There are 2 protein chains.
Amino acid sequence: MLSKKCKYAIHALVYLAERHGKGPVQIGEIADSQKIPKKFLEAILLELRNNRILNSKKGKGGGYYLQRSPEEISLTEVIRLTNGPIALLPCVSLNFYESCEECVNEKNCTIRTTFLTIRDETLKILSESSLAALVKKQKKDRK
Amino acid sequence: MLSKKCKYAIHALVYLAERHGKGPVQIGEIADSQKIPKKFLEAILLELRNNRILNSKKGKGGGYYLQRSPEEISLTEVIRLTNGPIALLPCVSLNFYESCEECVNEKNCTIRTTFLTIRDETLKILSESSLAALVKKQKKDRK
DNA sequence: GGATTAGTCTACCAATTTTATAGAGTTAAC
DNA sequence: GTTAACTCTATAAAATTGGTAGACTAATCC
């Protein structure tokens with residue numbers, strides 16, 4: 001399951017994507033509208049900033065805004081940053097590969113291909129979910 | 001990612017599936033061959049037993065064995081028991097449904113359908129992975 | 001240039017979950 | 001009645017998660 005941190009990050013980013021191009025949005029506003037503890041959100045947004053997803057502006061009139069266009073930010077990237085690997089086993093992870101320490105024989109591992117397939121399918125779906133796609137979907141649903 | 005408990009459970013079950021019909025297998029033998037801490041495995045097998053996946057026999061010549069045929073035990077069931085929900089969000093879980101406590105509006109939730117699709121694809125792959133299928137695959141790989 | 005606003009950084013911490021281990025108890029076989 | 005093997009209860013270290021406190025820095029506005 002996704003951690004709260006990850007869910008908070010996604011919702012905050014979608015909120016920012018909706019307001020993309022309209023200047024910085026303050027942490028407090030995002031926290032209030034998305035019901036996220038403010039101090040916790042602070043740390044999350046900072047991390048997203050340090051990982052080139054967000055930019056920030058200090059001082060009066062400051063806040064956070066997307067560093068790239070909503071089309072170029074996908075859930076894949078957000079989940080990897082805030083929740084870790086997409087794969088269910090370390091030995092089939094693209095970005096966080098590790099052999100399972102208890103693994104007796106990785107090549108002949110019975111379950112490896114099953115979880116490789118799951119990873120591939122999951123990645124396919126996630127990479128189609130950019131922030132832009134999510135915002136578009138949301139607008140449609142509201143009609 | 002899957003917990004060690006879950007990976008241990010899967011590997012132990014595949015081991016038992018290979019020996020299905022040949023009488024009980026002792027915890028110690030499974031633990032040794034799969035590099036699983038024996039005491040931890042004890043607790044896992046007991047839980048699988050209490051959930052109708054395994055049966056056990058006490059005393060000399062005793063051990064654990066599958067309660068059903070390997071065709072009838074799928075990874076879906078094993079993961080749910082030892083790792084929890086398959087879904088990445090509680091609000092799209094079939095067996096562990098809960099609304100996300102921080103959710104502002106579940107019906108119009110931006111990300112719900114994405115994770116619903118992921119759950120469906122994952123379940124499809126997992127349900128095709130019975131213990132029998134895994135054992136069959138393993139034999140093929142060894143050739 | 002000082003007051004205010006808003007992000008940054010460091011440190012901390014409680015609760016929960018994970019990954020075990022110890023040891024006494026029970027049952028079955030021989 | 002001894003031995004082999006599962007069962008049950010208790011305990012606990014380590015890691016992760018979710019969250020808070022407070023001092024610091026930078027930008028704006030008057």
# chains A, B, ... in the order shown; residues from 1 in each chain; ligands from 1
call {"tool": "select_by_dssp", "arguments": {"residues": "chain B", "states": "helix (DSSP H, G or I)", "output": "PyMOL selection string"}}
result
chain B and resi 4-18+27-34+38-50+70-72+75-83+90-92+112-127+131-142
call {"tool": "write_last_selection", "arguments": {"atoms": "C-alpha atoms", "output": "mmCIF file, in the first residue's frame"}}
result
data_model
loop_
_atom_site.group_PDB
_atom_site.id
_atom_site.type_symbol
_atom_site.label_atom_id
_atom_site.label_comp_id
_atom_site.auth_asym_id
_atom_site.auth_seq_id
_atom_site.Cartn_x
_atom_site.Cartn_y
_atom_site.Cartn_z
ATOM 1 C CA LYS B 4 10.087 -11.119 4.226
ATOM 2 C CA LYS B 5 7.295 -12.984 5.910
ATOM 3 C CA CYS B 6 5.429 -13.109 2.623
ATOM 4 C CA LYS B 7 8.448 -14.164 0.591
ATOM 5 C CA TYR B 8 9.261 -16.844 3.144
ATOM 6 C CA ALA B 9 5.688 -18.100 2.950
ATOM 7 C CA ILE B 10 5.716 -18.294 -0.841
ATOM 8 C CA HIS B 11 9.032 -20.123 -0.988
ATOM 9 C CA ALA B 12 7.993 -22.559 1.712
ATOM 10 C CA LEU B 13 4.746 -23.278 -0.100
ATOM 11 C CA VAL B 14 6.467 -23.861 -3.425
ATOM 12 C CA TYR B 15 8.813 -26.242 -1.645
ATOM 13 C CA LEU B 16 5.833 -28.097 -0.214
ATOM 14 C CA ALA B 17 4.066 -28.080 -3.574
ATOM 15 C CA GLU B 18 7.029 -29.848 -5.160
ATOM 16 C CA ILE B 27 9.880 -27.206 9.442
ATOM 17 C CA GLY B 28 13.612 -27.699 9.857
ATOM 18 C CA GLU B 29 14.027 -29.120 6.377
ATOM 19 C CA ILE B 30 12.126 -26.243 4.771
ATOM 20 C CA ALA B 31 13.998 -23.662 6.832
ATOM 21 C CA ASP B 32 17.383 -25.079 5.917
ATOM 22 C CA SER B 33 16.749 -25.422 2.209
ATOM 23 C CA GLN B 34 15.144 -21.996 1.835
ATOM 24 C CA LYS B 38 13.402 -21.642 11.721
ATOM 25 C CA LYS B 39 11.475 -20.023 14.551
ATOM 26 C CA PHE B 40 10.104 -17.370 12.232
ATOM 27 C CA LEU B 41 9.052 -19.979 9.703
ATOM 28 C CA GLU B 42 7.309 -21.888 12.480
ATOM 29 C CA ALA B 43 5.012 -18.946 13.113
ATOM 30 C CA ILE B 44 4.348 -18.424 9.404
ATOM 31 C CA LEU B 45 3.452 -22.051 8.734
ATOM 32 C CA LEU B 46 1.198 -22.090 11.743
ATOM 33 C CA GLU B 47 -0.691 -19.115 10.380
ATOM 34 C CA LEU B 48 -1.025 -20.761 6.978
ATOM 35 C CA ARG B 49 -2.336 -23.813 8.736
ATOM 36 C CA ASN B 50 -4.910 -21.817 10.658
ATOM 37 C CA PRO B 70 -1.221 -26.976 -5.691
ATOM 38 C CA GLU B 71 -3.612 -25.954 -8.490
ATOM 39 C CA GLU B 72 -6.026 -24.595 -5.948
ATOM 40 C CA LEU B 75 -0.334 -16.339 -4.879
ATOM 41 C CA THR B 76 -3.282 -13.996 -4.429
ATOM 42 C CA GLU B 77 -4.402 -15.885 -1.377
ATOM 43 C CA VAL B 78 -0.912 -16.280 0.041
ATOM 44 C CA ILE B 79 -0.072 -12.597 -0.344
ATOM 45 C CA ARG B 80 -3.337 -11.457 1.195
ATOM 46 C CA LEU B 81 -2.689 -13.634 4.228
ATOM 47 C CA THR B 82 0.952 -12.814 4.787
ATOM 48 C CA ASN B 83 1.308 -9.337 3.318
ATOM 49 C CA PRO B 90 -7.363 0.949 0.686
ATOM 50 C CA CYS B 91 -10.274 2.469 -1.241
ATOM 51 C CA VAL B 92 -9.720 0.132 -4.200
ATOM 52 C CA ARG B 112 -8.687 6.153 -7.737
ATOM 53 C CA THR B 113 -9.255 4.710 -11.201
ATOM 54 C CA THR B 114 -5.552 4.536 -11.943
ATOM 55 C CA PHE B 115 -5.007 2.346 -8.904
ATOM 56 C CA LEU B 116 -8.135 0.368 -9.624
ATOM 57 C CA THR B 117 -6.688 -0.552 -13.008
ATOM 58 C CA ILE B 118 -3.384 -1.508 -11.423
ATOM 59 C CA ARG B 119 -5.164 -3.715 -8.914
ATOM 60 C CA ASP B 120 -7.096 -5.489 -11.659
ATOM 61 C CA GLU B 121 -4.017 -6.165 -13.745
ATOM 62 C CA THR B 122 -2.068 -7.347 -10.707
ATOM 63 C CA LEU B 123 -4.860 -9.676 -9.627
ATOM 64 C CA LYS B 124 -5.082 -11.133 -13.109
ATOM 65 C CA ILE B 125 -1.398 -12.030 -13.090
ATOM 66 C CA LEU B 126 -1.391 -13.308 -9.520
ATOM 67 C CA SER B 127 -4.455 -15.476 -9.921
ATOM 68 C CA LEU B 131 1.613 -23.116 -6.749
ATOM 69 C CA ALA B 132 1.231 -25.719 -9.471
ATOM 70 C CA ALA B 133 2.012 -23.157 -12.162
ATOM 71 C CA LEU B 134 5.103 -22.008 -10.282
ATOM 72 C CA VAL B 135 6.412 -25.535 -9.823
ATOM 73 C CA LYS B 136 5.796 -26.299 -13.474
ATOM 74 C CA LYS B 137 7.682 -23.175 -14.517
ATOM 75 C CA GLN B 138 10.565 -24.071 -12.234
ATOM 76 C CA LYS B 139 10.961 -27.533 -13.744
ATOM 77 C CA LYS B 140 10.977 -26.013 -17.222
ATOM 78 C CA ASP B 141 13.664 -23.474 -16.252
ATOM 79 C CA ARG B 142 15.922 -26.170 -14.902
#
call {"tool": "interface_residues", "arguments": {"of": "chain C", "to": "chain B", "cutoff": "10 Å", "atoms": "only C-alpha atoms (C1' of nucleotides)", "output": "VMD selection string"}}
result
chain C and resid 18 to 22 26 to 30
call {"tool": "interface_residues", "arguments": {"of": "chain D", "to": "chain B", "cutoff": "8 Å", "atoms": "only C-alpha atoms (C1' of nucleotides)", "output": "MDAnalysis selection string"}}
result
chainID D and resid 3:6
call {"tool": "residues_around", "arguments": {"residues": "DC12 in chain C", "least_positions_apart": "4", "cutoff": "12 Å", "atoms": "only C-alpha atoms (C1' of nucleotides)", "output": "VMD selection string"}}
result
chain D and resid 19 to 22
call {"tool": "select_by_dssp", "arguments": {"residues": "chain A", "states": "strand (DSSP E)", "output": "ChimeraX atom specification"}}
result
/A:54-57,63-66
call {"tool": "write_last_selection", "arguments": {"atoms": "N, CA and C atoms", "output": "PDB file, in the first residue's frame"}}
result
ATOM      1  N   LEU A  54       9.356  20.285  -7.955  1.00  0.00           N
ATOM      2  CA  LEU A  54       8.793  21.585  -7.596  1.00  0.00           C
ATOM      3  C   LEU A  54       9.873  22.659  -7.576  1.00  0.00           C
ATOM      4  N   ASN A  55       9.415  23.891  -7.665  1.00  0.00           N
ATOM      5  CA  ASN A  55      10.248  25.048  -7.372  1.00  0.00           C
ATOM      6  C   ASN A  55       9.565  25.818  -6.257  1.00  0.00           C
ATOM      7  N   SER A  56      10.343  26.686  -5.608  1.00  0.00           N
ATOM      8  CA  SER A  56       9.730  27.463  -4.538  1.00  0.00           C
ATOM      9  C   SER A  56      10.199  28.906  -4.601  1.00  0.00           C
ATOM     10  N   LYS A  57       9.427  29.741  -3.965  1.00  0.00           N
ATOM     11  CA  LYS A  57       9.782  31.147  -3.859  1.00  0.00           C
ATOM     12  C   LYS A  57       9.576  31.532  -2.406  1.00  0.00           C
ATOM     13  N   GLY A  63       5.793  30.673  -2.313  1.00  0.00           N
ATOM     14  CA  GLY A  63       5.064  29.414  -2.272  1.00  0.00           C
ATOM     15  C   GLY A  63       5.710  28.405  -3.204  1.00  0.00           C
ATOM     16  N   TYR A  64       4.963  27.356  -3.503  1.00  0.00           N
ATOM     17  CA  TYR A  64       5.487  26.298  -4.369  1.00  0.00           C
ATOM     18  C   TYR A  64       4.773  26.295  -5.715  1.00  0.00           C
ATOM     19  N   TYR A  65       5.483  25.860  -6.727  1.00  0.00           N
ATOM     20  CA  TYR A  65       4.889  25.690  -8.055  1.00  0.00           C
ATOM     21  C   TYR A  65       5.659  24.604  -8.812  1.00  0.00           C
ATOM     22  N   LEU A  66       5.017  24.019  -9.828  1.00  0.00           N
ATOM     23  CA  LEU A  66       5.644  22.930 -10.579  1.00  0.00           C
ATOM     24  C   LEU A  66       6.879  23.429 -11.331  1.00  0.00           C
TER      25      LEU A  66
END
call {"tool": "atom_distance", "arguments": {"atom1": "CA of Arg68 in chain A", "atom2": "CA of Arg19 in chain A"}}
result
12.8 Å
call {"tool": "closest_residue", "arguments": {"among": "B:Ile53, B:Cys100, B:Val25, B:Leu94", "to": "chain A", "atoms": "only C-alpha atoms"}}
result
B:Cys100
call {"tool": "atom_distance", "arguments": {"atom1": "CA of Lys22 in chain A", "atom2": "CA of Glu106 in chain B"}}
result
26.8 Å
call {"tool": "atom_distance", "arguments": {"atom1": "CA of Asn108 in chain B", "atom2": "CA of Ile86 in chain A"}}
result
24.7 Å
call {"tool": "residues_around", "arguments": {"residues": "DA24 in chain C", "least_positions_apart": "3", "cutoff": "12 Å", "atoms": "only C-alpha atoms (C1' of nucleotides)", "output": "list of chain:residue names"}}
result
D:DT7, D:DC8, D:DT9, D:DA10
call {"tool": "closest_residue", "arguments": {"among": "A:Asn51, A:Ser130, A:Asn95, A:Thr110", "to": "chain B", "atoms": "only C-alpha atoms"}}
result
A:Thr110
